[in-house]
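J.: For reference, this is target07.txt, and it has compact mmCIF, C-alpha atoms.
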# COMPACT_ATOMS: atom_id res chain seq x y z
CA MET V 278 144.68 -179.24 0.35
CA LYS V 279 145.27 -180.19 3.99
CA LEU V 280 146.62 -183.60 4.96
CA GLU V 281 146.99 -185.31 8.31
CA LEU V 282 149.81 -187.85 8.17
CA ILE V 283 150.83 -190.26 10.90
CA GLY V 284 153.30 -193.13 10.97
CA LYS V 285 156.30 -194.76 12.54
CA PRO V 286 158.91 -194.89 9.74
CA GLU V 287 161.89 -197.22 10.18
CA GLY V 288 164.30 -195.78 12.73
CA CYS V 289 161.83 -193.11 13.85
CA LYS V 290 159.49 -192.58 16.76
CA LEU V 291 155.78 -191.91 16.10
CA LEU V 292 155.56 -188.92 13.76
CA ARG V 293 152.57 -186.75 12.92
CA MET V 294 152.45 -184.13 10.21
CA THR V 295 149.78 -181.64 9.23
CA LEU V 296 150.66 -180.56 5.73
CA GLU V 297 148.90 -177.95 3.64
CA VAL V 298 149.89 -177.94 -0.03
CA GLU V 299 148.65 -176.18 -3.12
CA PRO V 300 146.76 -177.15 -5.14
CA SER V 301 146.94 -180.89 -4.51
CA LEU V 302 149.60 -183.35 -3.43
CA SER V 303 152.36 -183.97 -5.95
CA THR V 304 156.14 -183.64 -5.94
CA SER V 305 155.84 -180.16 -7.46
CA SER V 306 153.26 -178.92 -4.91
CA ARG V 307 154.44 -176.11 -2.68
CA ILE V 308 154.08 -176.32 1.08
CA ILE V 309 151.75 -173.63 2.44
CA SER V 310 151.96 -174.74 6.06
CA LEU V 311 153.52 -177.54 8.03
CA SER V 312 153.29 -178.84 11.56
CA ILE V 313 155.43 -181.76 12.70
CA ARG V 314 154.65 -183.39 16.01
CA GLY V 315 155.63 -186.60 17.72
CA ASP V 316 157.63 -188.50 20.29
CA PHE V 317 161.00 -187.52 18.89
CA PHE V 318 163.91 -185.52 20.30
CA ALA V 319 165.42 -182.50 18.57
CA ILE V 320 167.95 -180.26 20.26
CA PRO V 321 167.85 -177.29 20.38
CA GLU V 322 164.05 -177.51 20.41
CA GLU V 323 163.49 -173.90 19.31
CA ALA V 324 165.61 -174.45 16.20
CA PHE V 325 163.28 -177.28 15.15
CA ASP V 326 160.35 -174.88 15.32
CA GLU V 327 162.31 -172.48 13.07
CA ILE V 328 162.87 -175.25 10.50
CA GLN V 329 159.14 -175.79 10.18
CA ASP V 330 158.65 -172.11 9.38
CA GLU V 331 161.49 -172.15 6.84
CA LEU V 332 160.10 -175.15 4.99
CA ARG V 333 157.07 -173.14 3.86
CA GLY V 334 157.19 -172.40 0.17
CA ILE V 335 159.42 -175.31 -0.86
CA THR V 336 158.14 -178.14 -3.02
CA ILE V 337 157.36 -181.63 -1.80
CA GLY V 338 160.12 -182.94 -4.06
CA GLU V 339 162.67 -180.75 -2.24
CA PHE V 340 161.37 -181.56 1.23
CA ALA V 341 163.81 -184.19 2.54
CA GLU V 342 166.89 -182.42 1.21
CA CYS V 343 165.80 -179.03 2.57
CA PHE V 344 164.89 -180.51 5.93
CA ASP V 345 168.32 -182.11 6.30
CA ARG V 346 170.13 -179.01 5.06
CA LEU V 347 168.31 -176.71 7.47
CA ALA V 348 168.95 -179.14 10.33
CA GLN V 349 172.65 -179.08 9.56
CA GLU V 350 172.72 -175.27 9.27
CA LYS V 351 171.08 -174.94 12.68
CA ALA V 352 173.31 -177.64 14.24
CA LEU V 353 170.21 -179.59 15.18
CA GLU V 354 170.67 -182.98 16.75
CA PHE V 355 167.82 -185.45 16.23
CA GLU V 356 166.83 -188.79 17.53
CA GLY V 357 163.66 -190.51 16.39
CA ILE V 358 163.09 -188.30 13.33
CA SER V 359 164.72 -187.69 9.98
CA GLY V 360 164.01 -185.97 6.68
CA GLU V 361 163.85 -189.41 5.12
CA GLY V 362 161.32 -190.62 7.70
CA LEU V 363 159.09 -187.61 7.18
CA MET V 364 159.34 -188.05 3.41
CA GLU V 365 158.23 -191.66 3.88
CA LEU V 366 154.99 -190.41 5.42
CA ILE V 367 154.47 -188.01 2.52
CA GLN V 368 155.39 -190.68 -0.06
CA LYS V 369 152.79 -193.05 1.37
CA GLU V 370 150.17 -190.39 0.71
CA LEU V 371 151.57 -189.68 -2.77
CA ASN V 372 151.38 -193.41 -3.60
CA HIS V 373 147.87 -193.58 -2.22
CA ASP V 374 146.76 -190.74 -4.47
CA SER V 375 148.37 -192.06 -7.66
CA MET G 48 187.58 -189.69 39.06
CA THR G 49 184.99 -188.74 41.70
CA HIS G 50 182.40 -186.14 40.82
CA LYS G 51 180.89 -183.88 43.46
CA PHE G 52 177.12 -183.71 43.03
CA ARG G 53 174.30 -182.08 44.90
CA LEU G 54 171.63 -184.63 45.87
CA LEU G 55 168.03 -183.52 46.31
CA GLU G 56 165.05 -185.53 47.53
CA THR G 57 162.16 -183.16 47.06
CA GLY G 58 159.18 -185.41 47.86
CA PHE G 59 155.74 -185.32 46.22
CA HIS G 60 154.49 -182.20 44.44
CA PRO G 61 152.11 -181.24 41.63
CA ALA G 62 153.28 -181.55 38.04
CA VAL G 63 153.73 -177.81 37.40
CA PHE G 64 155.99 -177.44 40.44
CA ASN G 65 158.02 -180.54 39.53
CA MET G 66 158.68 -179.20 36.05
CA GLY G 67 159.28 -175.71 37.42
CA LEU G 68 161.88 -176.99 39.86
CA ASP G 69 163.69 -179.03 37.19
CA GLU G 70 163.98 -175.86 35.11
CA ALA G 71 164.99 -173.74 38.13
CA ILE G 72 167.77 -176.25 38.89
CA LEU G 73 168.89 -176.04 35.24
CA ASP G 74 169.13 -172.26 35.63
CA SER G 75 171.10 -172.59 38.89
CA VAL G 76 173.62 -175.07 37.53
CA SER G 77 174.04 -173.09 34.29
CA GLN G 78 174.82 -169.93 36.29
CA GLY G 79 177.39 -171.82 38.37
CA ASN G 80 175.37 -171.23 41.54
CA CYS G 81 175.43 -174.86 42.55
CA LEU G 82 176.98 -178.23 41.86
CA PRO G 83 175.69 -180.58 39.17
CA THR G 84 172.49 -181.94 40.65
CA LEU G 85 170.69 -185.26 40.96
CA ARG G 86 167.13 -184.98 42.17
CA PHE G 87 164.51 -187.62 43.08
CA TYR G 88 160.83 -186.81 43.33
CA GLY G 89 157.24 -187.99 43.12
CA TRP G 90 153.94 -186.63 41.82
CA ILE G 91 150.82 -185.71 43.73
CA PRO G 92 148.24 -185.68 42.26
CA PRO G 93 149.05 -188.15 39.45
CA ALA G 94 149.86 -186.42 36.19
CA VAL G 95 150.52 -186.86 32.52
CA SER G 96 153.52 -185.06 31.08
CA LEU G 97 153.57 -184.34 27.38
CA GLY G 98 156.75 -184.20 25.30
CA TYR G 99 157.70 -180.79 23.91
CA PHE G 100 156.89 -181.80 20.33
CA GLN G 101 153.65 -183.63 20.98
CA GLY G 102 150.13 -182.41 20.18
CA LEU G 103 148.06 -182.09 23.35
CA GLN G 104 144.66 -183.22 22.08
CA GLU G 105 146.18 -186.00 19.97
CA GLU G 106 148.02 -187.63 22.84
CA ILE G 107 145.91 -187.16 25.95
CA ASP G 108 142.21 -187.55 26.80
CA ILE G 109 141.86 -184.21 28.59
CA GLU G 110 138.31 -184.87 29.76
CA ALA G 111 139.30 -188.22 31.24
CA CYS G 112 142.19 -186.53 33.07
CA LYS G 113 139.84 -183.88 34.48
CA ALA G 114 137.35 -186.51 35.59
CA LEU G 115 140.08 -188.57 37.28
CA GLY G 116 141.87 -185.62 38.90
CA ILE G 117 145.01 -186.18 36.84
CA ASP G 118 147.11 -183.08 36.08
CA VAL G 119 148.45 -182.38 32.59
CA VAL G 120 151.79 -180.63 31.97
CA ARG G 121 154.01 -180.08 28.94
CA ARG G 122 157.70 -180.79 29.48
CA ILE G 123 160.60 -178.80 28.03
CA THR G 124 162.05 -182.13 26.86
CA GLY G 125 161.02 -184.13 23.82
CA GLY G 126 159.85 -187.72 23.84
CA GLY G 127 156.48 -189.27 24.47
CA ALA G 128 153.60 -188.75 26.89
CA VAL G 129 154.25 -190.22 30.32
CA PHE G 130 151.77 -191.11 33.05
CA HIS G 131 153.27 -190.23 36.43
CA HIS G 132 151.70 -192.08 39.29
CA HIS G 133 153.44 -194.76 41.30
CA GLU G 134 157.00 -194.20 40.22
CA VAL G 135 160.24 -192.55 41.19
CA THR G 136 161.19 -189.65 38.94
CA TYR G 137 164.73 -188.38 38.74
CA SER G 138 166.37 -185.42 37.08
CA ILE G 139 170.05 -184.87 36.52
CA VAL G 140 171.59 -181.55 35.47
CA ILE G 141 175.22 -181.25 34.42
CA PRO G 142 177.15 -178.56 32.52
CA LEU G 143 178.04 -179.48 28.92
CA GLY G 144 181.72 -179.27 29.85
CA HIS G 145 181.37 -181.79 32.70
CA PRO G 146 183.35 -185.06 32.32
CA LEU G 147 180.06 -187.02 32.40
CA ALA G 148 178.59 -185.00 29.50
CA ARG G 149 178.68 -186.52 26.02
CA SER G 150 178.06 -184.66 22.79
CA GLY G 151 175.85 -187.31 21.19
CA ILE G 152 172.30 -187.78 22.49
CA ILE G 153 172.41 -191.58 22.62
CA ASP G 154 175.88 -191.69 24.20
CA SER G 155 174.63 -189.18 26.72
CA TYR G 156 171.63 -191.36 27.59
CA ARG G 157 173.88 -194.42 27.86
CA ILE G 158 176.13 -192.75 30.44
CA LEU G 159 173.44 -191.04 32.48
CA LEU G 160 171.19 -194.10 32.59
CA ALA G 161 173.99 -196.30 33.94
CA GLY G 162 173.06 -195.06 37.42
CA ILE G 163 169.51 -196.39 37.07
CA ILE G 164 170.70 -199.74 35.74
CA GLU G 165 173.11 -200.04 38.68
CA GLY G 166 170.36 -198.97 41.09
CA LEU G 167 167.95 -201.56 39.74
CA ALA G 168 170.72 -204.18 40.08
CA GLU G 169 171.04 -203.10 43.71
CA LEU G 170 167.37 -204.06 44.10
CA GLY G 171 168.00 -207.38 42.34
CA ILE G 172 166.62 -206.39 38.93
CA GLN G 173 168.66 -207.07 35.83
CA SER G 174 168.11 -204.37 33.21
CA GLU G 175 169.70 -202.81 30.17
CA PHE G 176 169.73 -199.63 28.11
CA ALA G 177 167.38 -199.81 25.12
CA PRO G 178 168.19 -196.91 22.81
CA ILE G 179 167.01 -194.27 22.25
CA ASN G 180 165.83 -193.54 25.78
CA ASP G 181 164.44 -196.57 27.63
CA ILE G 182 165.61 -199.10 30.18
CA VAL G 183 164.14 -202.58 29.87
CA SER G 184 164.13 -205.61 32.13
CA ALA G 185 163.56 -208.99 30.46
CA GLY G 186 162.50 -207.06 27.38
CA LYS G 187 159.88 -204.97 29.18
CA LYS G 188 160.11 -201.22 29.71
CA ILE G 189 160.78 -200.19 33.31
CA SER G 190 162.12 -196.68 32.72
CA GLY G 191 161.51 -193.94 30.15
CA ASN G 192 163.69 -190.85 29.88
CA ALA G 193 163.96 -187.50 28.12
CA GLN G 194 166.78 -185.04 27.65
CA THR G 195 167.33 -181.46 26.58
CA ARG G 196 170.35 -179.16 26.38
CA LYS G 197 169.85 -175.55 27.30
CA LYS G 198 171.92 -172.74 28.79
CA GLY G 199 175.11 -174.79 28.50
CA CYS G 200 173.73 -177.74 30.46
CA ILE G 201 172.20 -181.16 29.96
CA LEU G 202 168.91 -181.74 31.77
CA GLN G 203 167.78 -185.34 31.71
CA HIS G 204 164.76 -186.61 33.59
CA GLY G 205 162.91 -189.88 33.65
CA THR G 206 160.78 -192.35 35.47
CA ILE G 207 161.43 -195.65 37.17
CA ILE G 208 158.12 -197.50 37.36
CA VAL G 209 157.50 -198.76 40.89
CA GLU G 210 154.02 -200.12 40.21
CA VAL G 211 151.67 -199.55 37.32
CA ASP G 212 147.95 -199.57 36.54
CA ILE G 213 148.05 -200.14 32.79
CA ASP G 214 144.27 -199.85 32.37
CA LEU G 215 144.31 -196.44 34.03
CA MET G 216 147.28 -195.38 31.90
CA PHE G 217 145.53 -196.37 28.67
CA SER G 218 142.34 -194.64 29.75
CA ILE G 219 144.11 -191.28 29.54
CA LEU G 220 146.82 -191.78 26.93
CA LYS G 221 145.65 -191.92 23.34
CA VAL G 222 147.86 -194.53 21.73
CA PRO G 223 147.36 -194.62 17.97
CA GLN G 224 147.36 -197.90 16.15
CA GLU G 225 150.50 -196.84 14.29
CA LYS G 226 152.47 -196.73 17.54
CA THR G 227 151.45 -200.18 18.68
CA LYS G 228 151.51 -201.47 15.13
CA GLY G 229 147.95 -202.64 15.56
CA LYS G 230 148.65 -204.60 18.71
CA LEU G 231 145.97 -204.65 21.36
CA ILE G 232 146.25 -202.98 24.74
CA GLU G 233 146.60 -206.43 26.33
CA ASP G 234 149.73 -206.92 24.30
CA ALA G 235 150.98 -203.44 25.23
CA LYS G 236 150.52 -204.42 28.90
CA SER G 237 153.02 -207.20 28.42
CA ARG G 238 155.65 -204.72 27.24
CA VAL G 239 155.73 -202.62 30.43
CA THR G 240 156.86 -203.79 33.84
CA SER G 241 157.50 -202.39 37.30
CA ILE G 242 159.68 -202.92 40.34
CA ARG G 243 156.76 -204.55 42.13
CA ASN G 244 156.26 -206.99 39.22
CA CYS G 245 159.94 -207.79 38.76
CA LEU G 246 160.47 -208.57 42.44
CA SER G 247 157.00 -210.03 43.08
CA VAL G 248 156.59 -207.66 45.99
CA PRO G 249 153.38 -208.46 47.90
CA ASP G 250 150.63 -205.86 48.28
CA SER G 251 151.38 -205.74 51.99
CA VAL G 252 154.40 -203.62 51.09
CA SER G 253 153.06 -200.14 50.39
CA PHE G 254 153.98 -197.97 47.42
CA GLU G 255 155.51 -195.46 49.85
CA GLU G 256 157.91 -198.10 51.23
CA LEU G 257 158.88 -199.16 47.72
CA PHE G 258 159.32 -195.52 46.69
CA CYS G 259 161.80 -194.92 49.53
CA SER G 260 163.76 -198.13 49.02
CA THR G 261 163.94 -197.45 45.28
CA ILE G 262 165.40 -193.99 45.87
CA THR G 263 167.99 -195.42 48.25
CA ALA G 264 168.99 -198.03 45.66
CA LEU G 265 169.14 -195.45 42.87
CA GLU G 266 171.30 -193.10 44.93
CA ARG G 267 173.73 -195.96 45.55
CA GLY G 268 173.50 -196.98 41.90
CA TYR G 269 174.31 -193.51 40.61
CA SER G 270 177.13 -193.13 43.12
CA ARG G 271 178.69 -196.43 41.99
CA ALA G 272 178.08 -196.16 38.25
CA LEU G 273 179.12 -192.53 37.82
CA ASP G 274 181.47 -192.23 40.81
CA LEU G 275 179.41 -189.54 42.49
CA ASP G 276 180.20 -188.00 45.86
CA TYR G 277 176.99 -186.48 47.20
CA GLU G 278 176.28 -183.32 49.08
CA LEU G 279 172.76 -183.90 50.42
CA SER G 280 170.94 -180.62 50.33
CA GLY G 281 167.67 -178.89 49.59
CA PRO G 282 166.77 -176.54 46.76
CA THR G 283 167.96 -172.99 47.41
CA ASP G 284 165.46 -170.28 48.28
CA LEU G 285 166.02 -168.79 44.82
CA GLU G 286 165.35 -172.15 43.14
CA LEU G 287 162.12 -172.56 45.09
CA LYS G 288 161.05 -169.01 44.21
CA ASN G 289 161.89 -169.60 40.52
CA ALA G 290 160.16 -172.98 40.57
CA GLU G 291 156.95 -171.41 41.91
CA ARG G 292 157.15 -168.62 39.32
CA LEU G 293 157.73 -171.09 36.44
CA ALA G 294 154.93 -173.30 37.74
CA ARG G 295 152.57 -170.32 37.80
CA GLU G 296 153.63 -168.43 34.66
CA LYS G 297 154.80 -171.16 32.31
CA PHE G 298 153.76 -174.69 33.19
CA SER G 299 150.23 -173.70 34.30
CA ASN G 300 149.81 -171.44 31.27
CA ASN G 301 147.43 -172.93 28.71
CA GLN G 302 149.39 -171.28 25.88
CA TRP G 303 152.37 -173.44 26.87
CA THR G 304 150.40 -176.61 27.53
CA ALA G 305 148.44 -176.26 24.28
CA LEU G 306 151.55 -175.20 22.30
CA ARG G 307 150.76 -177.91 19.77
What would you get if you wrote out this structure as C-alpha cells?

T.:
Amino acid sequence: MKLELIGKPEGCKLLRMTLEVEPSLSTSSRIISLSIRGDFFAIPEEAFDEIQDELRGITIGEFAECFDRLAQEKALEFEGISGEGLMELIQKELNHDS
Amino acid sequence: MTHKFRLLETGFHPAVFNMGLDEAILDSVSQGNCLPTLRFYGWIPPAVSLGYFQGLQEEIDIEACKALGIDVVRRITGGGAVFHHHEVTYSIVIPLGHPLARSGIIDSYRILLAGIIEGLAELGIQSEFAPINDIVSAGKKISGNAQTRKKGCILQHGTIIVEVDIDLMFSILKVPQEKTKGKLIEDAKSRVTSIRNCLSVPDSVSFEELFCSTITALERGYSRALDLDYELSGPTDLELKNAERLAREKFSNNQWTALR
C-alpha cells in the first residue's frame, strides 16, 4: 500500500512523505520504501538520505524511535523536522483509516 | 576582534553558475586557499532554486518556468523553494573553527544574519531574525536563508528582497494548502515585503539602483555587525573554472535537479 502524506506538524516545516507499507497501514506494518521531502534542514544532508534507506524494514510502531536513534548515531542536526513530526503525519493517516 | 574577509561582488549570472560559484568558494575556503568570503550577486535570467530535500515536480510548475524563461536549479542547501528575481543574494563561507561559526544551526543563523539586519537598518528598515531562517520587517518576510556544512565549512546563502511580483512568484511556485494553512494567495501576499515597499521607493528609482545601494548597505552592515575587515577581490581563476565545471556537470544535470 502506497501513501502520500503531507503536513506541517507543530515545530516543523512543510513535510512530505511517500510511504509504502505491507500489507496495509497499521502500527505493525513494515516499511517497504520511504521518501521524505520538504522545506527542512538536515546536516549533513547525505546522512539524512542514508537514514531513509535504513528505515526500510522497520515497523510503523518503531518509526519515531528508530528515526531519532539513527539521527543521533549519524550526528545529524535537524531544523524543521523531527521523528515526532513525521509520526504525526503517519498517525493522522492511521486515525483516518480506523 | 576584527575578522579579515574576502568580499566579492560578482554581478548577475545564470542560476547554475551562481550555485556553482558558491560551491567553488566553499571548496577554496575549505582548502585554505582564501579568506572566509562574503559574496553578493544577482540572477539573470530569473530563477527558482529548490531546497536539497524538496521534490521538483511537487514544488515548481516546470512548464510555467519554461514558458516564462525562468531557470530552475537545485541548491546544495535545505529549505524551501525560492524565486530569484529582483533581489540581492549573498553567500557567506567560513571554516567551522572560525570565531563567527556556531555549532547549532539556529545560533549560526542568528549570528550570520546580524549583518543583514544591520544592513537593512542602514537603509532605514527595522527588521529582526525570525527563526529558523528568515528575517522579517513589521512581521513580513524580507529575507530567506539556507545553510549547509560541508568540507569543514559553513556555507550560508540567502536573499534580500528588493522588489517582488507576488503574482509571478505564485504562478511558478506550487504552494500547498497545508503550507498556507488554507489561506489565500492574497493573504500570502501580505506576509512578504521588499525594500521598495518598506521605504516606499518610487518607480522612478530603478531596480538596478536599488540593487547597488542595497549591496553597499549590506556590506556596511556586515562589517559593523560582525566586525569584518574586507579585502575586495574577484573569484580566483580556479574558482571560476570550478564554478563553470560545477554549473555544467552538476547544477545543469537533470539527475541532480530531479534528485527528488

J.: In Å to one decimal, how far is atom CA of Met66 of chain G from atom CA of Ala290 of chain G?

T.: 7.8 Å

J.: Give me, as a Markdown table, the closest atom pair and its distance (Å, one decimal) for every residue of chain V within a cut-off of 12 Å of segment 106-113 of chain G, counting only C-alpha atoms, rows sorted by chain and rising number.

T.:
| residue | atom | partner | partner_atom | distance |
| --- | --- | --- | --- | --- |
| V:Leu291 | CA | G:Glu106 | CA | 11.1 |
| V:Leu292 | CA | G:Glu106 | CA | 11.9 |
| V:Arg293 | CA | G:Glu106 | CA | 10.9 |
| V:Arg314 | CA | G:Glu106 | CA | 10.4 |
| V:Gly315 | CA | G:Glu106 | CA | 9.2 |
| V:Asp316 | CA | G:Glu106 | CA | 10.0 |

J.: Give the answer as one residue: which of G:Met216, G:Ile208, G:Val76, G:Met48 has the shortest atom-to-atom distance to Leu115 of chain G, using only C-alpha atoms?

T.: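 Ranked by minimum distance to Leu115 of chain G, first place goes to G:Met216.
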
J.: Nearest to chain G among V:Glu331, V:Glu370, V:Glu354, V:Glu342, with distances taken over all atoms listed in the file: which residue is it?

T.: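 With all atoms listed in the file as the atom set, the closest residue is V:Glu354.
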
J.: Counting all atoms listed in the file, which residues in chain G sit no more than 12 Å from chain V? For each one, give the nearest pair of atoms and the distance in Å, sorted by chain then residue number, as a Markdown table.

T.:
| residue | atom | partner | partner_atom | distance |
| --- | --- | --- | --- | --- |
| G:Leu97 | CA | V:Asp316 | CA | 9.2 |
| G:Gly98 | CA | V:Asp316 | CA | 6.7 |
| G:Tyr99 | CA | V:Glu322 | CA | 8.0 |
| G:Phe100 | CA | V:Arg314 | CA | 5.1 |
| G:Gln101 | CA | V:Gly315 | CA | 4.8 |
| G:Gly102 | CA | V:Arg314 | CA | 6.2 |
| G:Leu103 | CA | V:Arg314 | CA | 9.9 |
| G:Gln104 | CA | V:Arg314 | CA | 11.7 |
| G:Glu105 | CA | V:Arg293 | CA | 9.5 |
| G:Glu106 | CA | V:Gly315 | CA | 9.2 |
| G:Arg122 | CA | V:Glu322 | CA | 11.5 |
| G:Ile123 | CA | V:Glu322 | CA | 8.5 |
| G:Thr124 | CA | V:Phe318 | CA | 7.6 |
| G:Gly125 | CA | V:Phe318 | CA | 4.8 |
| G:Gly126 | CA | V:Asp316 | CA | 4.3 |
| G:Gly127 | CA | V:Asp316 | CA | 4.4 |
| G:Ala128 | CA | V:Asp316 | CA | 7.7 |
| G:Val129 | CA | V:Asp316 | CA | 10.7 |
| G:Ser150 | CA | V:Glu354 | CA | 9.7 |
| G:Gly151 | CA | V:Glu354 | CA | 8.1 |
| G:Ile152 | CA | V:Glu356 | CA | 7.5 |
| G:Ile153 | CA | V:Glu356 | CA | 8.1 |
| G:Asp154 | CA | V:Glu356 | CA | 11.6 |
| G:Tyr156 | CA | V:Glu356 | CA | 11.4 |
| G:Pro178 | CA | V:Glu356 | CA | 9.8 |
| G:Ile179 | CA | V:Glu356 | CA | 7.2 |
| G:Asn180 | CA | V:Glu356 | CA | 9.6 |
| G:Gly191 | CA | V:Asp316 | CA | 11.9 |
| G:Asn192 | CA | V:Phe318 | CA | 11.0 |
| G:Ala193 | CA | V:Phe318 | CA | 8.1 |
| G:Gln194 | CA | V:Phe318 | CA | 7.9 |
| G:Thr195 | CA | V:Ile320 | CA | 6.5 |
| G:Arg196 | CA | V:Ile320 | CA | 6.7 |
| G:Lys197 | CA | V:Pro321 | CA | 7.4 |
| G:Lys198 | CA | V:Pro321 | CA | 10.4 |
| G:Gly199 | CA | V:Pro321 | CA | 11.2 |
| G:Cys200 | CA | V:Pro321 | CA | 11.7 |
| G:Ile201 | CA | V:Ile320 | CA | 10.6 |
| G:Leu202 | CA | V:Ile320 | CA | 11.6 |
| G:Val222 | CA | V:Leu291 | CA | 10.1 |
| G:Pro223 | CA | V:Ile283 | CA | 9.0 |
| G:Gln224 | CA | V:Gly284 | CA | 9.2 |
| G:Glu225 | CA | V:Gly284 | CA | 5.7 |
| G:Lys226 | CA | V:Leu291 | CA | 6.0 |
| G:Thr227 | CA | V:Lys285 | CA | 9.5 |
| G:Lys228 | CA | V:Lys285 | CA | 8.6 |
| G:Gly229 | CA | V:Gly284 | CA | 11.8 |
| G:Leu306 | CA | V:Arg314 | CA | 10.8 |
| G:Arg307 | CA | V:Arg314 | CA | 7.7 |
